[in-house]
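Down below is the structure, laid out as structure tokens.
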Amino acid sequence: MSKLIAVWGAPCSGKTAFAVKLALGIYEQYSATVLILCCDKQTPALPVLFPNRKADELRSVGTSLSKADITQGDVIESIVTIKEKQNFGIIGYMDGDNKYTYPKYDDSKAAAFLSILQSLADYVVVDCGAELTGLSAAAVKKADTVLRIASPDLKSMSFFASQLPLYGDSSFKTDQHITGLNITENELFLPIEECKTHYRDVSFVLPYCREIKEQMLSGELMDPVKDRKYREMIKKITEKVV
């Protein structure tokens with residue numbers, strides 16, 4: 001049965017990079033069919049992940065969601081594939097998309113869209129926006145596992161103090177989220193131990209990886225990472241969520 005994994009967290013905490021590496025880890029370790037859904041309309045992911053693709057090679061997820069009835073064919077047309085990786089695809093918003101580009105859709109359509117994704121893949125990894133609305137909200141509610149990503153800084157702590165009370169409804173299952181710290185900087189002293197105490201149940205700490213930054217800047221996030229400590233941690237997390 002298909003498994004849905006949602007990745008949610010603070011802005012600038014490295015959610016997209018983590019979601020991609022997690023999805024790649026599942027794909028490689030388990031020879032599974034994997035789809036990534038990137039929900040953020042404030043910073044669309046497709047131009048970040050595929051900066052060298054022509055516009056006619058990409059299609060926005062908003063196109064499928066704007067239709068009265070979503071079909072499996074519509075969803076398949078939205079999938080961006082990678083030549084070297086069969087049974088692996090990405091769905092998201094395109095360059096220039098924002099919250100006013102497409103008509104609004106309701107919760108039932110978001111849930112139906114996720115169900116179609118699950119019918120197409122063994123694992124669906126959802127890179128949620130920082131604000132849990134639309135697809136992001138539906139994914140967190142429907143997910144088998146939610147990974148809550150924080151960075152060890154005051155901005156991240158302030159985000160969760162502000163936003164978590166908004167999702168007190170039991171449907172968001174915030175008490176079941178798996179919390180992880182993502183070290184996105186190494187130039188400054190980071191209060192990692194203090195943040196562990198603040199967030200309480202921290203299940204994992206992703207070590208700083210310079211390669212991730214370089215891949216994000218060059219649009220090569222689909223490439224493998226050589227950093228042994230980072231790869232080992234992704235493997236541990238993959239085994240835990242699978």
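Every chain in the structure tokens has a letter given in the order shown (A, B, ...), and although residue numbers restart at 1 in each chain, ligands are simply numbered from 1 in the order shown.
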
Pull the closest atom pair for each residue of region 17-75 of chain A that gets at most 10 Å from region 104-110 of chain A, along with the distance in Å to one decimal, counting only C-alpha atoms, ordering rows by chain and then ascending residue number, as JSON lines.
```
{"residue": "A:Gly62", "atom": "CA", "partner": "A:Lys104", "partner_atom": "CA", "distance": 9.5}
{"residue": "A:Leu65", "atom": "CA", "partner": "A:Tyr105", "partner_atom": "CA", "distance": 6.9}
{"residue": "A:Ser66", "atom": "CA", "partner": "A:Tyr105", "partner_atom": "CA", "distance": 7.2}
{"residue": "A:Lys67", "atom": "CA", "partner": "A:Tyr105", "partner_atom": "CA", "distance": 9.3}
{"residue": "A:Ala68", "atom": "CA", "partner": "A:Lys109", "partner_atom": "CA", "distance": 9.0}
{"residue": "A:Asp69", "atom": "CA", "partner": "A:Lys109", "partner_atom": "CA", "distance": 8.3}
{"residue": "A:Ile70", "atom": "CA", "partner": "A:Lys109", "partner_atom": "CA", "distance": 7.9}
```

Based on the selection just made, write all heavy atoms of those residues as a compact mmCIF listing (two decimals), in the first residue's frame.
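To be explicit, this is the file written out as out-v5.txt:
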```txt
# COMPACT_ATOMS: atom_id res chain seq x y z
N GLY A 62 -0.78 23.43 -10.52
CA GLY A 62 -1.98 24.26 -10.50
C GLY A 62 -2.92 24.00 -11.65
O GLY A 62 -4.13 24.18 -11.54
N LEU A 65 -5.10 21.08 -10.59
CA LEU A 65 -6.00 21.46 -9.49
C LEU A 65 -7.09 22.43 -9.93
O LEU A 65 -8.11 22.56 -9.27
CB LEU A 65 -5.19 22.09 -8.36
CG LEU A 65 -4.32 21.13 -7.56
CD1 LEU A 65 -3.33 21.90 -6.68
CD2 LEU A 65 -5.18 20.22 -6.69
N SER A 66 -6.88 23.12 -11.05
CA SER A 66 -7.87 24.10 -11.50
C SER A 66 -9.01 23.46 -12.29
O SER A 66 -10.00 24.12 -12.60
CB SER A 66 -7.19 25.16 -12.37
OG SER A 66 -6.65 24.59 -13.55
N LYS A 67 -8.89 22.17 -12.60
CA LYS A 67 -9.94 21.48 -13.35
C LYS A 67 -11.09 21.06 -12.42
O LYS A 67 -10.88 20.81 -11.24
CB LYS A 67 -9.37 20.27 -14.07
CG LYS A 67 -8.35 20.65 -15.15
CD LYS A 67 -7.99 19.49 -16.02
CE LYS A 67 -7.08 19.94 -17.16
NZ LYS A 67 -6.76 18.85 -18.10
N ALA A 68 -12.28 20.98 -13.00
CA ALA A 68 -13.45 20.62 -12.20
C ALA A 68 -13.30 19.23 -11.59
O ALA A 68 -13.60 19.01 -10.41
CB ALA A 68 -14.71 20.69 -13.06
N ASP A 69 -12.83 18.30 -12.39
CA ASP A 69 -12.59 16.93 -11.92
C ASP A 69 -11.18 16.53 -12.30
O ASP A 69 -10.81 16.58 -13.48
CB ASP A 69 -13.60 15.95 -12.54
CG ASP A 69 -15.02 16.24 -12.09
OD1 ASP A 69 -15.27 16.23 -10.87
OD2 ASP A 69 -15.87 16.47 -12.98
N ILE A 70 -10.41 16.12 -11.31
CA ILE A 70 -9.02 15.73 -11.56
C ILE A 70 -8.98 14.26 -11.96
O ILE A 70 -9.55 13.41 -11.28
CB ILE A 70 -8.15 15.94 -10.31
CG1 ILE A 70 -8.26 17.38 -9.80
CG2 ILE A 70 -6.68 15.64 -10.62
CD1 ILE A 70 -7.57 17.63 -8.48
```

Discussion item. Report as a PyMOL selection string all protein, DNA and RNA residues lying within 12 Å of Ile178 (chain A), evaluated on only C-alpha atoms, omitting residues in the same chain fewer than 2 positions from it.
Written reply: chain A and resi 5-9+140+144-150+173-176+180-181+199-205+237+240-241

Practice prompt. Find the residues around region 228-235 of chain A up to 12 Å (only C-alpha atoms counted), leave out those fewer than 6 positions away in its own chain, and share them as a ChimeraX atom specification.
Written response: /A:17-30,180-184,203-212,241-242

Practice prompt. List the neighbours of Thr63 (chain A) out to 10 Å using only C-alpha atoms; skip same-chain residues closer than 2 positions along the sequence, and give me the result as number ranges by chain.
Written response: A: 59-61, 65-67, 70, 74-75, 77-78, 93, 101-103

Worksheet item: Contacts of Ile91 (chain A) at 8 Å or less, counting only C-alpha atoms, minus same-chain residues fewer than 6 places along, as a count of residues only?
Response: 10

Item to complete: Just list the residues in region 55-97 of chain A DSSP gives alpha helix (DSSP H) on the backbone, as a PyMOL selection string.
Response: chain A and resi 61-65+72-78

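Proximity ranking of A:Val126, A:Ala121, A:Ala112, A:Ala143 relative to His177 (chain A) places A:Ala143 first, based on only C-alpha atoms.
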